[in-house]
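First up is the structure itself, then whatever we jot down about it.
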There are 2 protein chains.
Amino acid sequence: MAPQFDPIEEAGRNWEANGWAQVDAMLAATSLTRVHQVMLARIDSALAQLDLNFSRFEVLALLSFSREGQLPMGKIGDRLQVHAASVTNTITRLESSGFVKRVPHPDDGRTTLARILDQGRQSASQGAAALADIEFGLTGLDTSEKNQLSATLATYRIANDDFR
Amino acid sequence: MAPQFDPIEEAGRNWEANGWAQVDAMLAATSLTRVHQVMLARIDSALAQLDLNFSRFEVLALLSFSREGQLPMGKIGDRLQVHAASVTNTITRLESSGFVKRVPHPDDGRTTLARILDQGRQSASQGAAALADIEFGLTGLDTSEKNQLSATLATYRIANDDFR
DNA sequence: AGGGAATACTTGGACATCAAAGTATTTATC
DNA sequence: GATAAATACTTTGATGTCCAAGTATTCCCT
């Protein structure tokens, strides 16, 4: 299944041999893509038994942290930095699982609130435990490596105005 | 557009406050997800004018590096570590763009070769230049940060038998 | 108060990915 | 040499994401 050599290293050699520029950037981008893919597969696999995936889990976690147990759809998109259309889709899915329900905003007819239900809180908490068990798919890195990774990624996010 | 505070940092505080375990892993996983999303959007955007996205570009690059300018579909999936069905889809798309064509394997009736065409080589080369221009979506990290990132991610891939 | 602009969400279409089933061909075994 | 197993690719269906357009409601400005 796993290749006998590192396909990313191989790509670096080829890139170099062809005189293509920015080999370091290519290698970092390719590595990031691959690790994201592996990590996400593990995370989703750990959550599958709870009828969750990472996106849906993130929404549940966010709602469970909120003061009122509910948030406007738009706010959810802002916090998780995903498209409004994706939020619509995710909430619909969570609703059909019985984890949240849509509630009209009392003061603003445009706004829909997603409210977490008891079943949703319970699954969020179980999901958090399941993810902690697998270290969020990041087993193989020790704590300092994880923190170094977060720090480097934060540098990127700051430099690119991902937030201010 | 961009939030006023760091949503990931905020998530860390909430996680901590709720006594949920593995905060460091959660932060690393969330950061990785977010950076991957931003980076990929930039990459795809830079390639869009060439009628390419990152997946299709990777296939073209791989084919252009190959000795014969052609590879079996299965080999492509192995090298890029993507599903066979995705390779089928990607090659079909590249074929309709006039970048590659399917050729039957001379010795093995089961195997289909994807062969890069002149137009494909040209677009691969242009794509490489376009990606070099934007540092593969990783502007904001200097070379040593990119290399450090690659190194940490390689640690992960080795520890998880992504290759041997 | 009235009307255009902004905001909030949903819908529909284009893509991409994966898993599982299906088809065709080759290899291995007796 | 026949047949079961393995291999290679495609097809189909379920998901999930984004963009752009559509609908509804509220805000802002004169």
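For the structure tokens, the naming scheme is as follows: chains receive sequential letters (A, B, ...) according to their order of presentation, residues are indexed from 1 within each chain, and ligands are indexed from 1 in presentation order.
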Select from chain D every residue with an atom at most 8 Å from any atom of chain A, then for each give the shortest pair of atoms and their distance in Å to one decimal, using only C-alpha atoms (C1' of nucleotides), rows by chain and rising number, as a Markdown table.
| residue | atom | partner | partner_atom | distance |
| --- | --- | --- | --- | --- |
| D:DT17 | C1' | A:Ser86 | CA | 6.7 |
| D:DC18 | C1' | A:His83 | CA | 7.5 |
| D:DA24 | C1' | A:Arg110 | CA | 6.8 |
| D:DT25 | C1' | A:Arg110 | CA | 5.1 |
| D:DT26 | C1' | A:Asp108 | CA | 7.6 |
Output file for the residues above (N, CA and C atoms (P, O5', C5', C4', C3', O3' and C1' of nucleotides), as a short mmCIF file (atom, residue, chain, number, x, y, z; two decimals), in the first residue's frame):
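Dumped to again_32.cif:
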data_model
loop_
_atom_site.label_atom_id
_atom_site.label_comp_id
_atom_site.auth_asym_id
_atom_site.auth_seq_id
_atom_site.Cartn_x
_atom_site.Cartn_y
_atom_site.Cartn_z
P DT D 17 -18.07 20.47 4.13
"O5'" DT D 17 -17.47 21.29 2.91
"C5'" DT D 17 -16.24 20.88 2.30
"C4'" DT D 17 -15.96 21.81 1.12
"C3'" DT D 17 -16.52 23.20 1.38
"O3'" DT D 17 -15.54 24.22 1.25
"C1'" DT D 17 -17.31 22.35 -0.70
P DC D 18 -15.91 25.74 1.54
"O5'" DC D 18 -16.09 26.35 0.07
"C5'" DC D 18 -15.01 26.26 -0.88
"C4'" DC D 18 -15.54 26.69 -2.24
"C3'" DC D 18 -16.18 28.08 -2.23
"O3'" DC D 18 -15.41 28.98 -3.04
"C1'" DC D 18 -17.61 26.47 -3.29
P DA D 24 -39.74 35.34 -1.06
"O5'" DA D 24 -39.24 35.85 0.36
"C5'" DA D 24 -38.71 34.90 1.28
"C4'" DA D 24 -38.07 35.67 2.41
"C3'" DA D 24 -38.90 36.85 2.92
"O3'" DA D 24 -39.04 36.70 4.32
"C1'" DA D 24 -36.67 37.52 2.47
P DT D 25 -39.99 37.70 5.13
"O5'" DT D 25 -38.93 38.67 5.81
"C5'" DT D 25 -37.87 38.08 6.57
"C4'" DT D 25 -36.88 39.17 6.92
"C3'" DT D 25 -37.50 40.41 7.55
"O3'" DT D 25 -36.96 40.53 8.86
"C1'" DT D 25 -35.88 40.96 5.91
P DT D 26 -37.44 41.71 9.85
"O5'" DT D 26 -36.21 42.72 9.72
"C5'" DT D 26 -34.90 42.23 9.93
"C4'" DT D 26 -33.89 43.29 9.58
"C3'" DT D 26 -34.10 44.65 10.24
"O3'" DT D 26 -32.87 45.00 10.85
"C1'" DT D 26 -33.75 44.92 7.93
#
**OP:** Taking the DSSP assignment computed from this structure's backbone, write out as a ChimeraX atom specification all residues of range 78-134 of chain B that belong to helix (DSSP H, G or I).
**Re:** /B:78-80,84-96,118-133
Write to file, as a JSON list (two decimals), in the first residue's frame, the residues of the selection just made, with C-alpha atoms.
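That gives us part.json:
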[["chain", "number", "residue", "atom", "x", "y", "z"],
["B", 78, "ASP", "CA", 0.32, 5.36, -6.28],
["B", 79, "ARG", "CA", 2.67, 8.27, -6.76],
["B", 80, "LEU", "CA", 0.17, 10.96, -5.89],
["B", 84, "ALA", "CA", -8.07, 5.09, -8.44],
["B", 85, "ALA", "CA", -11.51, 6.58, -9.04],
["B", 86, "SER", "CA", -10.07, 10.05, -8.61],
["B", 87, "VAL", "CA", -7.39, 9.29, -11.17],
["B", 88, "THR", "CA", -10.05, 8.18, -13.63],
["B", 89, "ASN", "CA", -11.91, 11.41, -13.06],
["B", 90, "THR", "CA", -8.81, 13.60, -13.26],
["B", 91, "ILE", "CA", -7.53, 12.00, -16.45],
["B", 92, "THR", "CA", -10.95, 12.33, -18.06],
["B", 93, "ARG", "CA", -10.90, 16.01, -17.21],
["B", 94, "LEU", "CA", -7.35, 16.49, -18.51],
["B", 95, "GLU", "CA", -8.28, 14.62, -21.66],
["B", 96, "SER", "CA", -11.22, 16.91, -22.32],
["B", 118, "ASP", "CA", 2.32, 18.99, -26.19],
["B", 119, "GLN", "CA", -0.39, 21.27, -24.92],
["B", 120, "GLY", "CA", -0.18, 19.47, -21.58],
["B", 121, "ARG", "CA", 3.56, 19.94, -21.32],
["B", 122, "GLN", "CA", 3.20, 23.59, -22.07],
["B", 123, "SER", "CA", 0.48, 24.08, -19.47],
["B", 124, "ALA", "CA", 2.44, 22.10, -16.89],
["B", 125, "SER", "CA", 5.38, 24.38, -17.40],
["B", 126, "GLN", "CA", 3.21, 27.48, -17.23],
["B", 127, "GLY", "CA", 1.52, 26.13, -14.13],
["B", 128, "ALA", "CA", 4.87, 25.54, -12.46],
["B", 129, "ALA", "CA", 5.81, 29.14, -13.14],
["B", 130, "ALA", "CA", 2.48, 30.43, -11.87],
["B", 131, "LEU", "CA", 2.86, 28.44, -8.66],
["B", 132, "ALA", "CA", 6.45, 29.54, -8.19],
["B", 133, "ASP", "CA", 5.23, 33.14, -8.49]]
Would you write out chain A as a short mmCIF file (atom, residue, chain, number, x, y, z; two decimals) with C-alpha atoms, in the first residue's frame, after superposing it on chain B by least squares over all in-order Cα pairs?
data_model
loop_
_atom_site.label_atom_id
_atom_site.label_comp_id
_atom_site.auth_asym_id
_atom_site.auth_seq_id
_atom_site.Cartn_x
_atom_site.Cartn_y
_atom_site.Cartn_z
CA MET A 1 -14.20 39.48 6.37
CA ALA A 2 -11.35 38.32 8.58
CA PRO A 3 -12.39 37.87 12.22
CA GLN A 4 -11.18 40.41 14.75
CA PHE A 5 -9.58 37.76 16.92
CA ASP A 6 -8.07 34.38 16.25
CA PRO A 7 -10.84 31.77 16.13
CA ILE A 8 -8.31 29.03 16.72
CA GLU A 9 -6.94 30.65 19.85
CA GLU A 10 -10.51 31.15 20.98
CA ALA A 11 -11.24 27.47 20.42
CA GLY A 12 -8.20 26.62 22.54
CA ARG A 13 -9.51 28.67 25.43
CA ASN A 14 -12.92 27.08 25.21
CA TRP A 15 -11.49 23.61 24.96
CA GLU A 16 -9.35 24.26 28.00
CA ALA A 17 -12.22 25.78 29.97
CA ASN A 18 -14.33 22.69 29.32
CA GLY A 19 -11.61 20.37 30.52
CA TRP A 20 -11.39 18.64 27.15
CA ALA A 21 -8.13 16.81 26.58
CA GLN A 22 -5.39 17.17 23.97
CA VAL A 23 -5.66 20.88 23.44
CA ASP A 24 -2.25 21.00 21.71
CA ALA A 25 -3.32 18.36 19.23
CA MET A 26 -6.63 20.11 18.60
CA LEU A 27 -4.87 23.38 17.91
CA ALA A 28 -2.37 21.80 15.55
CA ALA A 29 -5.09 19.92 13.67
CA THR A 30 -7.28 22.98 13.37
CA SER A 31 -4.38 25.16 12.24
CA LEU A 32 -3.34 22.61 9.67
CA THR A 33 -6.85 22.43 8.30
CA ARG A 34 -7.18 26.17 8.04
CA VAL A 35 -3.79 26.77 6.43
CA HIS A 36 -4.39 23.98 3.96
CA GLN A 37 -7.66 25.59 2.99
CA VAL A 38 -6.13 29.03 2.44
CA MET A 39 -3.10 27.68 0.61
CA LEU A 40 -5.15 25.49 -1.69
CA ALA A 41 -7.51 28.31 -2.57
CA ARG A 42 -4.53 30.41 -3.64
CA ILE A 43 -2.99 27.62 -5.62
CA ASP A 44 -6.20 26.78 -7.44
CA SER A 45 -6.81 30.43 -8.12
CA ALA A 46 -3.35 30.82 -9.67
CA LEU A 47 -3.94 27.78 -11.88
CA ALA A 48 -7.51 28.56 -12.91
CA GLN A 49 -6.51 30.63 -15.92
CA LEU A 50 -4.66 27.61 -17.29
CA ASP A 51 -7.73 25.41 -16.95
CA LEU A 52 -5.99 23.52 -14.14
CA ASN A 53 -6.37 22.95 -10.44
CA PHE A 54 -3.75 21.55 -8.07
CA SER A 55 -4.71 17.90 -8.56
CA ARG A 56 -4.69 18.14 -12.32
CA PHE A 57 -1.45 20.10 -12.25
CA GLU A 58 0.20 17.44 -10.12
CA VAL A 59 -0.75 14.78 -12.63
CA LEU A 60 0.61 16.82 -15.52
CA ALA A 61 3.85 17.49 -13.66
CA LEU A 62 4.25 13.81 -12.88
CA LEU A 63 3.68 12.83 -16.49
CA SER A 64 6.07 15.47 -17.76
CA PHE A 65 8.78 14.04 -15.48
CA SER A 66 8.23 10.49 -16.65
CA ARG A 67 10.70 8.97 -19.04
CA GLU A 68 8.14 8.15 -21.73
CA GLY A 69 5.73 10.96 -21.09
CA GLN A 70 3.17 8.40 -20.06
CA LEU A 71 2.23 6.32 -17.02
CA PRO A 72 -0.37 3.71 -16.13
CA MET A 73 -3.34 5.19 -14.30
CA GLY A 74 -2.60 3.06 -11.27
CA LYS A 75 0.96 4.31 -11.03
CA ILE A 76 -0.30 7.86 -11.01
CA GLY A 77 -2.56 7.09 -8.08
CA ASP A 78 0.33 5.47 -6.20
CA ARG A 79 2.70 8.36 -6.71
CA LEU A 80 0.20 11.06 -5.86
CA GLN A 81 -1.43 8.92 -3.20
CA VAL A 82 -4.95 9.47 -4.40
CA HIS A 83 -7.79 7.06 -5.08
CA ALA A 84 -8.04 5.20 -8.37
CA ALA A 85 -11.48 6.70 -8.89
CA SER A 86 -10.04 10.17 -8.52
CA VAL A 87 -7.38 9.39 -11.09
CA THR A 88 -10.06 8.27 -13.52
CA ASN A 89 -11.91 11.51 -12.96
CA THR A 90 -8.80 13.69 -13.21
CA ILE A 91 -7.54 12.06 -16.39
CA THR A 92 -10.95 12.38 -18.00
CA ARG A 93 -10.90 16.07 -17.20
CA LEU A 94 -7.35 16.53 -18.50
CA GLU A 95 -8.30 14.64 -21.62
CA SER A 96 -11.23 16.93 -22.29
CA SER A 97 -8.86 19.88 -21.92
CA GLY A 98 -6.56 18.36 -24.51
CA PHE A 99 -3.67 17.93 -22.07
CA VAL A 100 -3.40 14.14 -22.08
CA LYS A 101 -4.84 11.18 -23.89
CA ARG A 102 -5.59 7.63 -22.85
CA VAL A 103 -3.60 4.94 -24.65
CA PRO A 104 -4.02 1.20 -24.21
CA HIS A 105 -1.04 -0.58 -22.67
CA PRO A 106 0.72 -2.61 -25.38
CA ASP A 107 1.29 -5.71 -23.21
CA ASP A 108 -1.43 -5.64 -20.57
CA GLY A 109 -5.03 -5.31 -21.59
CA ARG A 110 -6.06 -4.27 -18.11
CA THR A 111 -3.88 -1.22 -18.06
CA THR A 112 -4.55 2.20 -19.51
CA LEU A 113 -1.72 4.66 -20.01
CA ALA A 114 -2.18 8.40 -19.66
CA ARG A 115 0.08 10.15 -22.15
CA ILE A 116 0.88 13.83 -21.92
CA LEU A 117 0.36 15.88 -25.07
CA ASP A 118 2.33 18.93 -26.20
CA GLN A 119 -0.38 21.23 -24.94
CA GLY A 120 -0.18 19.45 -21.60
CA ARG A 121 3.58 19.90 -21.33
CA GLN A 122 3.23 23.54 -22.10
CA SER A 123 0.51 24.06 -19.52
CA ALA A 124 2.46 22.10 -16.92
CA SER A 125 5.42 24.35 -17.42
CA GLN A 126 3.25 27.48 -17.26
CA GLY A 127 1.56 26.11 -14.16
CA ALA A 128 4.91 25.55 -12.48
CA ALA A 129 5.87 29.14 -13.19
CA ALA A 130 2.53 30.43 -11.93
CA LEU A 131 2.90 28.46 -8.71
CA ALA A 132 6.50 29.56 -8.24
CA ASP A 133 5.28 33.15 -8.52
CA ILE A 134 2.98 32.72 -5.56
CA GLU A 135 5.35 30.41 -3.67
CA PHE A 136 2.73 27.72 -3.80
CA GLY A 137 0.39 29.78 -1.74
CA LEU A 138 2.91 29.94 1.09
CA THR A 139 4.03 33.56 0.97
CA GLY A 140 4.39 34.76 4.52
CA LEU A 141 6.76 31.95 5.48
CA ASP A 142 10.43 32.39 4.74
CA THR A 143 12.53 29.56 3.32
CA SER A 144 13.68 28.27 6.67
CA GLU A 145 10.13 28.25 7.98
CA LYS A 146 8.98 26.33 4.93
CA ASN A 147 11.76 23.83 5.39
CA GLN A 148 11.01 23.46 9.07
CA LEU A 149 7.39 22.85 8.18
CA SER A 150 8.36 20.19 5.64
CA ALA A 151 10.63 18.56 8.18
CA THR A 152 7.99 18.35 10.87
CA LEU A 153 5.47 17.01 8.39
CA ALA A 154 8.01 14.45 7.22
CA THR A 155 8.42 13.31 10.82
CA TYR A 156 4.70 12.70 10.90
CA ARG A 157 4.66 10.88 7.59
CA ILE A 158 7.52 8.61 8.58
CA ALA A 159 6.02 7.85 11.98
CA ASN A 160 2.78 6.91 10.31
CA ASP A 161 4.23 4.69 7.62
CA ASP A 162 3.09 6.95 4.87
CA PHE A 163 6.04 5.42 3.06
CA ARG A 164 8.90 3.20 4.13
#
Original post:
So how far away is C1' of DC27 in chain D from C1' of DG2 in chain C, in Å?
Top reply: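 C1' of DG2 in chain C sits 12.9 Å away from C1' of DC27 in chain D.
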**OP:** Pick out each residue of chain B that DSSP on the backbone tags as strand (DSSP E or B); I need them as a list in words.
**Re:** Gln70, Leu71, Pro72, Val100, Lys101, Arg102, Val103, Pro104, Thr112, Leu113, Ala114, Arg115 and Ile116 of chain B
**OP:** For C1' of DT17 in chain C and C1' of DG13 in chain D, quote the distance in Å rounded to one decimal.
**Re:**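 Rounded to one decimal, the two atoms are 12.3 Å apart.
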Original post:
Leaving out DG22 in chain C and any residue of its chain fewer than 4 positions from it, which residues lie within 10 Å of it when counting only C-alpha atoms (C1' of nucleotides), given as a list of chain:residue names?
Top reply: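 Answer for this query is D:DT10, D:DT11, D:DT12.
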Pull N, CA and C atoms (P, O5', C5', C4', C3', O3' and C1' of nucleotides) from the residues just selected and write them as a short mmCIF file (atom, residue, chain, number, x, y, z; two decimals), in the first residue's frame.
data_model
loop_
_atom_site.label_atom_id
_atom_site.label_comp_id
_atom_site.auth_asym_id
_atom_site.auth_seq_id
_atom_site.Cartn_x
_atom_site.Cartn_y
_atom_site.Cartn_z
P DT D 10 -10.18 4.30 -16.71
"O5'" DT D 10 -11.65 3.77 -16.39
"C5'" DT D 10 -12.20 2.75 -17.21
"C4'" DT D 10 -13.65 2.51 -16.83
"C3'" DT D 10 -14.51 3.77 -16.69
"O3'" DT D 10 -15.73 3.48 -17.35
"C1'" DT D 10 -14.63 2.49 -14.70
P DT D 11 -16.84 4.61 -17.54
"O5'" DT D 11 -17.93 4.22 -16.44
"C5'" DT D 11 -18.38 2.87 -16.37
"C4'" DT D 11 -19.34 2.72 -15.20
"C3'" DT D 11 -20.28 3.92 -14.96
"O3'" DT D 11 -21.58 3.39 -14.78
"C1'" DT D 11 -19.15 3.37 -12.96
P DT D 12 -22.86 4.31 -14.80
"O5'" DT D 12 -23.34 4.26 -13.28
"C5'" DT D 12 -23.34 3.02 -12.59
"C4'" DT D 12 -23.58 3.28 -11.11
"C3'" DT D 12 -24.45 4.50 -10.80
"O3'" DT D 12 -25.39 4.12 -9.81
"C1'" DT D 12 -22.44 4.63 -9.60
#
